[in-house]
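Printed here is input.cif (mmCIF, C-alpha atoms and all ligand atoms):
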data_data
loop_
_atom_site.group_PDB
_atom_site.id
_atom_site.type_symbol
_atom_site.label_atom_id
_atom_site.label_comp_id
_atom_site.auth_asym_id
_atom_site.auth_seq_id
_atom_site.Cartn_x
_atom_site.Cartn_y
_atom_site.Cartn_z
ATOM 1 C CA MET A 207 29.756 -69.313 93.592
ATOM 2 C CA SER A 208 29.287 -66.005 95.315
ATOM 3 C CA PHE A 209 28.897 -62.804 93.344
ATOM 4 C CA GLU A 210 32.306 -61.410 92.392
ATOM 5 C CA ILE A 211 33.020 -57.743 92.935
ATOM 6 C CA ARG A 212 35.535 -56.164 90.551
ATOM 7 C CA LYS A 213 34.404 -52.604 89.891
ATOM 8 C CA ILE A 214 33.464 -50.284 92.695
ATOM 9 C CA GLY A 215 31.755 -46.900 92.773
ATOM 10 C CA VAL A 216 32.105 -44.513 95.710
ATOM 11 C CA ILE A 217 29.660 -41.638 96.168
ATOM 12 C CA GLY A 218 30.958 -38.852 98.404
ATOM 13 C CA ALA A 219 34.614 -37.903 98.212
ATOM 14 C CA GLY A 220 34.983 -36.637 101.773
ATOM 15 C CA GLN A 221 37.287 -38.101 104.365
ATOM 16 C CA MET A 222 35.549 -41.515 104.311
ATOM 17 C CA GLY A 223 35.039 -41.774 100.546
ATOM 18 C CA LYS A 224 38.715 -40.961 99.950
ATOM 19 C CA GLY A 225 39.832 -43.592 102.451
ATOM 20 C CA ILE A 226 37.499 -46.200 100.969
ATOM 21 C CA ALA A 227 38.765 -45.459 97.446
ATOM 22 C CA GLN A 228 42.352 -45.771 98.663
ATOM 23 C CA VAL A 229 41.946 -49.176 100.303
ATOM 24 C CA CYS A 230 39.914 -50.499 97.351
ATOM 25 C CA ALA A 231 42.539 -49.405 94.804
ATOM 26 C CA LEU A 232 45.352 -50.886 96.894
ATOM 27 C CA ALA A 233 43.440 -54.184 96.963
ATOM 28 C CA GLY A 234 43.338 -54.142 93.147
ATOM 29 C CA TYR A 235 39.749 -53.015 92.606
ATOM 30 C CA ASP A 236 38.821 -50.468 89.950
ATOM 31 C CA VAL A 237 37.213 -47.613 91.842
ATOM 32 C CA ALA A 238 35.360 -44.607 90.437
ATOM 33 C CA ILE A 239 34.552 -41.671 92.717
ATOM 34 C CA ASN A 240 31.607 -39.278 92.479
ATOM 35 C CA ASP A 241 30.835 -36.084 94.395
ATOM 36 C CA VAL A 242 28.860 -32.889 93.819
ATOM 37 C CA SER A 243 31.354 -31.385 91.350
ATOM 38 C CA VAL A 244 34.214 -32.440 89.126
ATOM 39 C CA THR A 245 36.507 -30.054 91.015
ATOM 40 C CA ARG A 246 35.643 -31.705 94.315
ATOM 41 C CA ILE A 247 36.320 -35.163 92.837
ATOM 42 C CA SER A 248 39.621 -34.137 91.212
ATOM 43 C CA GLU A 249 40.805 -32.616 94.486
ATOM 44 C CA ALA A 250 39.818 -35.797 96.296
ATOM 45 C CA ILE A 251 41.773 -37.991 93.873
ATOM 46 C CA ALA A 252 44.809 -35.720 94.310
ATOM 47 C CA ASP A 253 44.398 -36.000 98.104
ATOM 48 C CA VAL A 254 44.295 -39.793 97.903
ATOM 49 C CA ALA A 255 47.490 -39.804 95.838
ATOM 50 C CA ALA A 256 49.190 -37.409 98.282
ATOM 51 C CA GLN A 257 48.081 -39.533 101.215
ATOM 52 C CA MET A 258 49.494 -42.673 99.607
ATOM 53 C CA HIS A 259 52.816 -40.992 98.839
ATOM 54 C CA LYS A 260 53.009 -39.829 102.451
ATOM 55 C CA SER A 261 52.428 -43.417 103.573
ATOM 56 C CA VAL A 262 55.350 -44.522 101.383
ATOM 57 C CA GLU A 263 57.596 -41.911 103.030
ATOM 58 C CA ARG A 264 56.528 -43.186 106.436
ATOM 59 C CA GLY A 265 57.249 -46.758 105.443
ATOM 60 C CA HIS A 266 53.605 -47.890 105.682
ATOM 61 C CA LEU A 267 53.230 -48.618 101.949
ATOM 62 C CA GLU A 268 55.512 -49.808 99.158
ATOM 63 C CA ALA A 269 56.084 -47.310 96.309
ATOM 64 C CA GLN A 270 55.334 -50.112 93.855
ATOM 65 C CA ALA A 271 51.947 -50.818 95.455
ATOM 66 C CA VAL A 272 51.039 -47.135 95.176
ATOM 67 C CA ALA A 273 52.137 -46.962 91.533
ATOM 68 C CA ALA A 274 49.975 -50.018 90.810
ATOM 69 C CA ALA A 275 46.966 -48.696 92.749
ATOM 70 C CA LEU A 276 46.690 -45.106 91.495
ATOM 71 C CA PRO A 277 45.615 -45.923 87.912
ATOM 72 C CA HIS A 278 42.704 -47.913 89.367
ATOM 73 C CA ILE A 279 41.109 -44.681 90.676
ATOM 74 C CA THR A 280 38.951 -42.743 88.225
ATOM 75 C CA LEU A 281 36.547 -39.859 88.286
ATOM 76 C CA ALA A 282 32.804 -40.513 87.916
ATOM 77 C CA GLU A 283 31.253 -37.291 86.704
ATOM 78 C CA SER A 284 27.751 -38.635 87.150
ATOM 79 C CA LEU A 285 26.003 -41.663 88.583
ATOM 80 C CA ALA A 286 25.596 -42.960 85.018
ATOM 81 C CA ASN A 287 29.304 -43.831 85.202
ATOM 82 C CA PHE A 288 28.371 -46.607 87.636
ATOM 83 C CA SER A 289 26.454 -48.643 85.039
ATOM 84 C CA ASP A 290 29.103 -51.406 85.096
ATOM 85 C CA SER A 291 29.903 -51.256 88.836
ATOM 86 C CA ASP A 292 29.404 -54.413 90.880
ATOM 87 C CA LEU A 293 29.298 -52.530 94.185
ATOM 88 C CA VAL A 294 28.469 -48.875 94.822
ATOM 89 C CA ILE A 295 29.239 -47.506 98.278
ATOM 90 C CA GLU A 296 27.439 -44.340 99.329
ATOM 91 C CA ALA A 297 29.663 -42.321 101.664
ATOM 92 C CA ALA A 298 28.067 -38.876 101.337
ATOM 93 C CA THR A 299 27.108 -36.398 104.061
ATOM 94 C CA GLU A 300 25.293 -37.967 107.028
ATOM 95 C CA ASN A 301 21.892 -36.537 106.180
ATOM 96 C CA GLU A 302 19.003 -38.811 105.412
ATOM 97 C CA ASP A 303 17.455 -36.587 102.725
ATOM 98 C CA VAL A 304 20.793 -36.360 100.890
ATOM 99 C CA LYS A 305 21.244 -40.124 101.080
ATOM 100 C CA ARG A 306 17.651 -40.852 99.977
ATOM 101 C CA LYS A 307 18.113 -38.748 96.844
ATOM 102 C CA ILE A 308 21.467 -40.356 95.998
ATOM 103 C CA LEU A 309 20.213 -43.888 96.588
ATOM 104 C CA SER A 310 17.058 -43.515 94.545
ATOM 105 C CA ASP A 311 19.104 -42.026 91.674
ATOM 106 C CA VAL A 312 21.918 -44.571 91.779
ATOM 107 C CA ALA A 313 19.482 -47.497 91.822
ATOM 108 C CA LEU A 314 18.376 -46.376 88.360
ATOM 109 C CA SER A 315 21.950 -46.239 87.034
ATOM 110 C CA VAL A 316 23.445 -49.550 88.154
ATOM 111 C CA LYS A 317 22.872 -53.036 86.709
ATOM 112 C CA PRO A 318 20.182 -55.158 88.415
ATOM 113 C CA GLU A 319 22.607 -57.516 90.163
ATOM 114 C CA ALA A 320 24.860 -54.743 91.512
ATOM 115 C CA ILE A 321 25.104 -54.348 95.272
ATOM 116 C CA ILE A 322 24.437 -50.931 96.777
ATOM 117 C CA ALA A 323 25.903 -50.168 100.191
ATOM 118 C CA SER A 324 25.872 -47.255 102.596
ATOM 119 C CA ASN A 325 28.663 -46.207 104.931
ATOM 120 C CA THR A 326 26.181 -44.393 107.180
ATOM 121 C CA SER A 327 27.144 -44.235 110.860
ATOM 122 C CA SER A 328 23.626 -44.315 112.168
ATOM 123 C CA ILE A 329 20.734 -44.280 109.698
ATOM 124 C CA SER A 330 18.584 -47.419 109.432
ATOM 125 C CA ILE A 331 19.812 -49.734 106.664
ATOM 126 C CA THR A 332 16.323 -51.207 106.258
ATOM 127 C CA ARG A 333 14.907 -47.713 105.701
ATOM 128 C CA LEU A 334 17.621 -46.745 103.196
ATOM 129 C CA ALA A 335 17.259 -50.128 101.429
ATOM 130 C CA SER A 336 13.578 -49.503 100.822
ATOM 131 C CA ILE A 337 14.388 -46.534 98.585
ATOM 132 C CA THR A 338 16.519 -48.546 96.177
ATOM 133 C CA GLY A 339 13.886 -50.961 94.844
ATOM 134 C CA ARG A 340 16.410 -53.781 95.517
ATOM 135 C CA PRO A 341 16.486 -54.118 99.311
ATOM 136 C CA GLU A 342 17.864 -57.672 99.008
ATOM 137 C CA ARG A 343 20.977 -56.249 97.252
ATOM 138 C CA PHE A 344 21.498 -53.480 99.834
ATOM 139 C CA ILE A 345 23.772 -53.607 102.910
ATOM 140 C CA GLY A 346 25.522 -51.334 105.390
ATOM 141 C CA ILE A 347 29.317 -51.409 105.039
ATOM 142 C CA HIS A 348 30.516 -49.191 107.855
ATOM 143 C CA PHE A 349 34.207 -48.339 107.624
ATOM 144 C CA MET A 350 35.966 -46.651 110.531
ATOM 145 C CA ASN A 351 37.944 -43.429 110.312
ATOM 146 C CA PRO A 352 40.736 -43.219 109.159
ATOM 147 C CA VAL A 353 39.865 -46.026 106.748
ATOM 148 C CA PRO A 354 43.422 -47.058 105.739
ATOM 149 C CA ARG A 355 44.430 -47.499 109.389
ATOM 150 C CA MET A 356 41.307 -48.949 111.008
ATOM 151 C CA GLN A 357 41.035 -52.724 110.868
ATOM 152 C CA LEU A 358 37.374 -53.203 111.702
ATOM 153 C CA VAL A 359 34.505 -52.942 109.204
ATOM 154 C CA GLU A 360 30.961 -53.323 110.470
ATOM 155 C CA LEU A 361 28.451 -55.071 108.175
ATOM 156 C CA ILE A 362 24.815 -54.274 108.830
ATOM 157 C CA ARG A 363 22.124 -56.350 107.166
ATOM 158 C CA GLY A 364 18.776 -54.731 106.515
ATOM 159 C CA ILE A 365 15.708 -56.858 107.062
ATOM 160 C CA ALA A 366 15.680 -57.930 103.382
ATOM 161 C CA THR A 367 19.451 -58.213 102.687
ATOM 162 C CA ASP A 368 19.966 -61.638 101.092
ATOM 163 C CA ASP A 369 22.705 -64.131 101.909
ATOM 164 C CA GLY A 370 24.452 -63.629 98.549
ATOM 165 C CA THR A 371 24.835 -59.902 99.214
ATOM 166 C CA PHE A 372 26.096 -60.524 102.735
ATOM 167 C CA GLU A 373 28.623 -63.153 101.551
ATOM 168 C CA ALA A 374 29.868 -60.884 98.739
ATOM 169 C CA ALA A 375 30.288 -58.005 101.206
ATOM 170 C CA LYS A 376 32.185 -60.289 103.611
ATOM 171 C CA ASN A 377 34.521 -61.436 100.811
ATOM 172 C CA PHE A 378 35.056 -57.833 99.735
ATOM 173 C CA VAL A 379 36.067 -56.742 103.259
ATOM 174 C CA ALA A 380 38.378 -59.771 103.552
ATOM 175 C CA LYS A 381 40.065 -58.854 100.247
ATOM 176 C CA LEU A 382 40.733 -55.391 101.698
ATOM 177 C CA GLY A 383 42.623 -57.203 104.476
ATOM 178 C CA LYS A 384 40.152 -55.991 107.092
ATOM 179 C CA THR A 385 38.095 -57.730 109.760
ATOM 180 C CA VAL A 386 34.313 -57.949 109.675
ATOM 181 C CA THR A 387 32.011 -57.479 112.619
ATOM 182 C CA VAL A 388 28.293 -57.994 112.078
ATOM 183 C CA SER A 389 25.728 -55.724 113.739
ATOM 184 C CA GLU A 390 22.003 -55.505 114.009
ATOM 185 C CA ASP A 391 20.272 -52.675 112.168
ATOM 186 C CA PHE A 392 19.745 -50.529 115.261
ATOM 187 C CA PRO A 393 20.309 -46.760 115.624
ATOM 188 C CA ALA A 394 24.078 -46.192 115.400
ATOM 189 C CA PHE A 395 24.806 -49.948 115.224
ATOM 190 C CA ILE A 396 27.554 -51.232 117.570
ATOM 191 C CA VAL A 397 30.826 -49.490 116.996
ATOM 192 C CA ASN A 398 29.545 -46.033 117.843
ATOM 193 C CA ARG A 399 28.628 -47.379 121.304
ATOM 194 C CA MET A 400 32.169 -48.634 122.080
ATOM 195 C CA LYS A 401 33.662 -45.763 124.020
ATOM 196 C CA LEU A 402 36.360 -47.680 125.848
ATOM 197 C CA GLY A 403 38.703 -50.463 124.827
ATOM 198 C CA ALA A 404 38.743 -49.388 121.198
ATOM 199 C CA ASN A 405 42.381 -48.418 121.470
ATOM 200 C CA HIS A 406 41.642 -44.755 120.852
ATOM 201 C CA PRO A 407 44.850 -42.749 120.546
ATOM 202 C CA MET A 408 43.055 -39.504 121.535
ATOM 203 C CA GLY A 409 40.332 -38.247 123.834
ATOM 204 C CA PRO A 410 36.637 -38.244 122.861
ATOM 205 C CA LEU A 411 36.415 -34.541 121.942
ATOM 206 C CA GLN A 412 39.404 -34.662 119.634
ATOM 207 C CA LEU A 413 38.016 -37.875 118.142
ATOM 208 C CA ALA A 414 34.744 -36.006 117.545
ATOM 209 C CA ASP A 415 36.764 -33.338 115.699
ATOM 210 C CA PHE A 416 38.244 -36.050 113.487
ATOM 211 C CA ILE A 417 34.853 -37.600 112.778
ATOM 212 C CA GLY A 418 33.349 -34.181 111.943
ATOM 213 C CA LEU A 419 31.054 -32.362 114.393
ATOM 214 C CA ASP A 420 28.275 -32.202 111.754
ATOM 215 C CA THR A 421 28.417 -35.997 111.449
ATOM 216 C CA CYS A 422 28.422 -36.374 115.257
ATOM 217 C CA LEU A 423 25.411 -34.058 115.557
ATOM 218 C CA SER A 424 23.541 -35.984 112.894
ATOM 219 C CA VAL A 425 24.289 -39.295 114.664
ATOM 220 C CA MET A 426 23.025 -37.844 117.978
ATOM 221 C CA GLN A 427 19.850 -36.686 116.242
ATOM 222 C CA VAL A 428 19.270 -40.156 114.756
ATOM 223 C CA LEU A 429 19.768 -41.757 118.191
ATOM 224 C CA HIS A 430 17.533 -39.169 119.866
ATOM 225 C CA GLU A 431 14.751 -39.584 117.314
ATOM 226 C CA GLY A 432 15.146 -43.350 116.823
ATOM 227 C CA LEU A 433 15.275 -44.272 120.515
ATOM 228 C CA ALA A 434 13.216 -41.361 121.955
ATOM 229 C CA ASP A 435 15.611 -41.282 124.900
ATOM 230 C CA THR A 436 16.626 -37.844 126.218
ATOM 231 C CA LYS A 437 20.100 -39.118 127.122
ATOM 232 C CA TYR A 438 20.898 -38.768 123.408
ATOM 233 C CA ARG A 439 19.771 -35.117 123.203
ATOM 234 C CA PRO A 440 22.630 -33.311 121.389
ATOM 235 C CA CYS A 441 24.586 -31.005 123.642
ATOM 236 C CA PRO A 442 23.779 -27.312 122.832
ATOM 237 C CA LEU A 443 27.494 -26.538 122.520
ATOM 238 C CA LEU A 444 27.827 -29.173 119.770
ATOM 239 C CA VAL A 445 24.855 -27.594 117.931
ATOM 240 C CA LYS A 446 26.431 -24.140 118.298
ATOM 241 C CA TYR A 447 29.781 -25.298 116.898
ATOM 242 C CA VAL A 448 28.087 -26.852 113.879
ATOM 243 C CA GLU A 449 26.028 -23.690 113.315
ATOM 244 C CA ALA A 450 29.262 -21.694 113.439
ATOM 245 C CA GLY A 451 30.810 -23.916 110.764
ATOM 246 C CA TRP A 452 33.301 -25.295 113.287
ATOM 247 C CA LEU A 453 33.079 -28.874 112.043
ATOM 248 C CA GLY A 454 36.360 -30.145 113.509
ATOM 249 C CA LYS A 455 39.588 -31.101 111.753
ATOM 250 C CA LYS A 456 38.112 -30.756 108.248
ATOM 251 C CA THR A 457 37.443 -27.030 108.791
ATOM 252 C CA GLN A 458 40.497 -26.559 111.059
ATOM 253 C CA ARG A 459 38.325 -25.661 114.069
ATOM 254 C CA GLY A 460 36.033 -27.630 116.353
ATOM 255 C CA PHE A 461 36.548 -28.529 120.002
ATOM 256 C CA TYR A 462 40.184 -27.844 119.157
ATOM 257 C CA ASP A 463 41.772 -25.227 116.909
ATOM 258 C CA TYR A 464 44.182 -26.864 114.419
ATOM 259 C CA ARG A 465 45.308 -23.767 112.519
ATOM 260 C CA SER A 466 48.676 -23.408 114.260
ATOM 261 C CA GLY A 467 49.503 -27.085 113.703
ATOM 262 C CA VAL A 468 49.228 -27.824 117.441
ATOM 263 C CA PRO A 469 45.657 -28.662 118.550
ATOM 264 C CA THR A 470 44.571 -26.120 121.191
ATOM 265 C CA PRO A 471 41.161 -26.121 122.901
ATOM 266 C CA THR A 472 38.880 -23.494 121.338
ATOM 267 C CA ARG A 473 37.382 -22.599 124.748
HETATM 268 N N1 LIG A 501 33.792 -39.266 109.726
HETATM 269 C C1 LIG A 501 33.775 -40.441 110.349
HETATM 270 O O1 LIG A 501 34.478 -40.678 111.329
HETATM 271 C C2 LIG A 501 32.873 -41.517 109.837
HETATM 272 C C3 LIG A 501 33.092 -42.849 110.248
HETATM 273 C C4 LIG A 501 32.260 -43.855 109.719
HETATM 274 C C5 LIG A 501 31.244 -43.527 108.847
HETATM 275 N N2 LIG A 501 31.045 -42.216 108.496
HETATM 276 C C6 LIG A 501 29.964 -41.916 107.568
HETATM 277 O O2 LIG A 501 30.516 -41.729 106.275
HETATM 278 C C7 LIG A 501 29.732 -40.780 105.553
HETATM 279 C C8 LIG A 501 30.616 -39.650 105.056
HETATM 280 O O3 LIG A 501 31.260 -39.044 106.166
HETATM 281 P P1 LIG A 501 32.549 -38.120 105.952
HETATM 282 O O4 LIG A 501 33.161 -37.973 107.284
HETATM 283 O O5 LIG A 501 33.362 -38.630 104.827
HETATM 284 O O6 LIG A 501 31.871 -36.732 105.537
HETATM 285 P P2 LIG A 501 32.537 -35.502 104.743
HETATM 286 O O7 LIG A 501 31.774 -34.307 105.157
HETATM 287 O O8 LIG A 501 34.023 -35.518 104.885
HETATM 288 O O9 LIG A 501 32.234 -35.859 103.194
HETATM 289 C C9 LIG A 501 30.954 -35.975 102.672
HETATM 290 C C10 LIG A 501 31.055 -35.804 101.155
HETATM 291 O O10 LIG A 501 29.777 -36.083 100.572
HETATM 292 C C11 LIG A 501 29.630 -35.201 99.464
HETATM 293 N N3 LIG A 501 28.250 -35.122 99.042
HETATM 294 C C12 LIG A 501 27.220 -34.445 99.609
HETATM 295 N N4 LIG A 501 26.096 -34.571 98.866
HETATM 296 C C13 LIG A 501 26.436 -35.335 97.793
HETATM 297 C C14 LIG A 501 25.735 -35.785 96.656
HETATM 298 N N5 LIG A 501 24.454 -35.493 96.467
HETATM 299 N N6 LIG A 501 26.376 -36.541 95.734
HETATM 300 C C15 LIG A 501 27.690 -36.864 95.897
HETATM 301 N N7 LIG A 501 28.418 -36.445 96.963
HETATM 302 C C16 LIG A 501 27.799 -35.692 97.900
HETATM 303 C C17 LIG A 501 30.184 -33.892 100.006
HETATM 304 O O11 LIG A 501 30.470 -32.962 98.960
HETATM 305 C C18 LIG A 501 31.440 -34.383 100.730
HETATM 306 O O12 LIG A 501 32.557 -34.424 99.864
HETATM 307 C C19 LIG A 501 28.613 -40.332 106.506
HETATM 308 O O13 LIG A 501 27.487 -41.126 106.282
HETATM 309 C C20 LIG A 501 29.204 -40.630 107.871
HETATM 310 O O14 LIG A 501 28.233 -40.846 108.855
HETATM 311 C C21 LIG A 501 31.857 -41.209 108.946
#
So, in terms of structure tokens, how does the structure I just supplied come out?
Ligand SMILES: NC(=O)c1ccc[n+]([C@@H]2O[C@H](COP(=O)([O-])OP(=O)(O)OC[C@H]3O[C@@H](n4cnc5c(N)ncnc54)[C@H](O)[C@@H]3O)[C@@H](O)[C@H]2O)c1
Amino acid sequence: MSFEIRKIGVIGAGQMGKGIAQVCALAGYDVAINDVSVTRISEAIADVAAQMHKSVERGHLEAQAVAAALPHITLAESLANFSDSDLVIEAATENEDVKRKILSDVALSVKPEAIIASNTSSISITRLASITGRPERFIGIHFMNPVPRMQLVELIRGIATDDGTFEAAKNFVAKLGKTVTVSEDFPAFIVNRMKLGANHPMGPLQLADFIGLDTCLSVMQVLHEGLADTKYRPCPLLVKYVEAGWLGKKTQRGFYDYRSGVPTPTR
């Protein structure tokens, strides 16, 4: 009998954490969300609700399903709230120091058999696993953006991830109604290498705006450092945009300016 996941914790209530919470709640899981402040978490929960109501208006979701899902989402003021979680998914800012701190803290709060996962786009799962003191119960669960709409979920096993953890993660993704692809633990895994044929409804720069230019820069840095290949050197313009706080759609400005409602190139 594989380990059954019922209660889920999500750390990081940004665009990915919100999407992950939404799909988990719709699949009937109890999901608690944590972020750096209660205000940030409350706003995120309100955003998830608004997003679900919008999906009802567009005919993508049933009103009944939304009414059933919303009570499953709760606020986790601190990591101590995850003491009864079966799976905790870290979806915080793509910065290794931030993730290391979160993962070492959360490992102390959850029960011994709980699975800890990271949604990182690029950081080594084996390296992150080593911080948790339970590398066999650690796995990469890499959702795509926007989570409710993207079908594929990449599972990345670290060197120590055990079969039980992998099977439980596979069952979890299946219960979300999504499709698993399995990747090697290699800088930026597979999906970030698929430029073509991924059915992208927009060009690569606008997609970068949707991902977040800070996240893109961090991924480029991981590739550059991890593979020591100059072809991954981040473009100076990308660095400049991030330094300017132009992080893409989430700050209304990136390669495109979204403030008027119609995306226009910023330069
Ligand atoms: N954006 C994408 O397209 C995409 C796709 C797949 C995976 N990812 C990965 O998902 C993760 C999150 O990306 P995002 O786009 O949601 O970023 P985001 O900037 O929208 O959100 C990150 C959230 O993490 C929170 N956070 C920072 N430090 C924290 C801490 N110590 N404790 C709790 N919360 C903290 C921030 O307050 C913020 O709400 C990253 O690892 C990223 O690489 C992103």
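Between atom CA of Ile239 of chain A and atom CA of Asp290 of chain A the interatomic distance comes to 13.5 Å.
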If we count only C-alpha atoms, what is near segment 228-238 of chain A at a cut-off of 9 Å, once residues fewer than 3 positions away on the same chain are taken out, given as an MDAnalysis selection string? chainID A and resid 211:217 223:225 254:255 257:258 271:272 274:282 287:288 291 353:354 381:383
Could you give me the centre and size, in Å to one decimal, of an axis-aligned box around all listed atoms of ligand LIG 501 (chain A) with 3 Å added on every side, as JSON?
{"center_x": 29.5, "center_y": -38.4, "center_z": 103.5, "size_x": 16.0, "size_y": 16.9, "size_z": 21.6}
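One distance worth recording is that between atom CA of Tyr447 of chain A and atom CA of Thr470 of chain A, which is 15.4 Å.
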Output the neighbourhood of ligand LIG 501 (chain A) as a PyMOL selection string, that is, all protein and nucleic acid residues with some atom at most 6 Å from the ligand, counting all atoms listed in the file. chain A and resi 217-223+240-242+297-300+304+308+325-327+348-351+417-418+421
Output file for the residues above (C-alpha atoms, as a PDB file, keeping the file's coordinate frame):
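Result saved to result_17.pdb:
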ATOM      1  CA  ILE A 217      29.660 -41.638  96.168  1.00  0.00           C
ATOM      2  CA  GLY A 218      30.958 -38.852  98.404  1.00  0.00           C
ATOM      3  CA  ALA A 219      34.614 -37.903  98.212  1.00  0.00           C
ATOM      4  CA  GLY A 220      34.983 -36.637 101.773  1.00  0.00           C
ATOM      5  CA  GLN A 221      37.287 -38.101 104.365  1.00  0.00           C
ATOM      6  CA  MET A 222      35.549 -41.515 104.311  1.00  0.00           C
ATOM      7  CA  GLY A 223      35.039 -41.774 100.546  1.00  0.00           C
ATOM      8  CA  ASN A 240      31.607 -39.278  92.479  1.00  0.00           C
ATOM      9  CA  ASP A 241      30.835 -36.084  94.395  1.00  0.00           C
ATOM     10  CA  VAL A 242      28.860 -32.889  93.819  1.00  0.00           C
ATOM     11  CA  ALA A 297      29.663 -42.321 101.664  1.00  0.00           C
ATOM     12  CA  ALA A 298      28.067 -38.876 101.337  1.00  0.00           C
ATOM     13  CA  THR A 299      27.108 -36.398 104.061  1.00  0.00           C
ATOM     14  CA  GLU A 300      25.293 -37.967 107.028  1.00  0.00           C
ATOM     15  CA  VAL A 304      20.793 -36.360 100.890  1.00  0.00           C
ATOM     16  CA  ILE A 308      21.467 -40.356  95.998  1.00  0.00           C
ATOM     17  CA  ASN A 325      28.663 -46.207 104.931  1.00  0.00           C
ATOM     18  CA  THR A 326      26.181 -44.393 107.180  1.00  0.00           C
ATOM     19  CA  SER A 327      27.144 -44.235 110.860  1.00  0.00           C
ATOM     20  CA  HIS A 348      30.516 -49.191 107.855  1.00  0.00           C
ATOM     21  CA  PHE A 349      34.207 -48.339 107.624  1.00  0.00           C
ATOM     22  CA  MET A 350      35.966 -46.651 110.531  1.00  0.00           C
ATOM     23  CA  ASN A 351      37.944 -43.429 110.312  1.00  0.00           C
ATOM     24  CA  ILE A 417      34.853 -37.600 112.778  1.00  0.00           C
ATOM     25  CA  GLY A 418      33.349 -34.181 111.943  1.00  0.00           C
ATOM     26  CA  THR A 421      28.417 -35.997 111.449  1.00  0.00           C
TER      27      THR A 421
END
Long-range neighbours of segment 406-412 of chain A as an MDAnalysis selection string, 9 Å cut-off, only C-alpha atoms, 5 positions minimum in chain: chainID A and resid 401 417 454:455 460:462 469
Can you write out the residues you just picked, keeping C-alpha atoms, as a short mmCIF file (atom, residue, chain, number, x, y, z; two decimals), keeping the file's coordinate frame?
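This went into selection-v9.cif:
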data_model
loop_
_atom_site.label_atom_id
_atom_site.label_comp_id
_atom_site.auth_asym_id
_atom_site.auth_seq_id
_atom_site.Cartn_x
_atom_site.Cartn_y
_atom_site.Cartn_z
CA LYS A 401 33.66 -45.76 124.02
CA ILE A 417 34.85 -37.60 112.78
CA GLY A 454 36.36 -30.14 113.51
CA LYS A 455 39.59 -31.10 111.75
CA GLY A 460 36.03 -27.63 116.35
CA PHE A 461 36.55 -28.53 120.00
CA TYR A 462 40.18 -27.84 119.16
CA PRO A 469 45.66 -28.66 118.55
#
With a distance cut-off of 9 Å and all atoms listed in the file, select the neighbouring residues of Ile345 of chain A, excluding the residue or stretch itself and same-chain residues fewer than 3 positions from it, and output the selection as JSON, numbers by chain. {"A": [321, 322, 323, 324, 331, 332, 335, 341, 342, 361, 362, 363, 364, 367, 371, 372, 375]}
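Across A:Ala366, A:Val386, A:Ser328, A:His259, the tightest approach to Cys422 of chain A is made by A:Ser328 when counting all atoms listed in the file.
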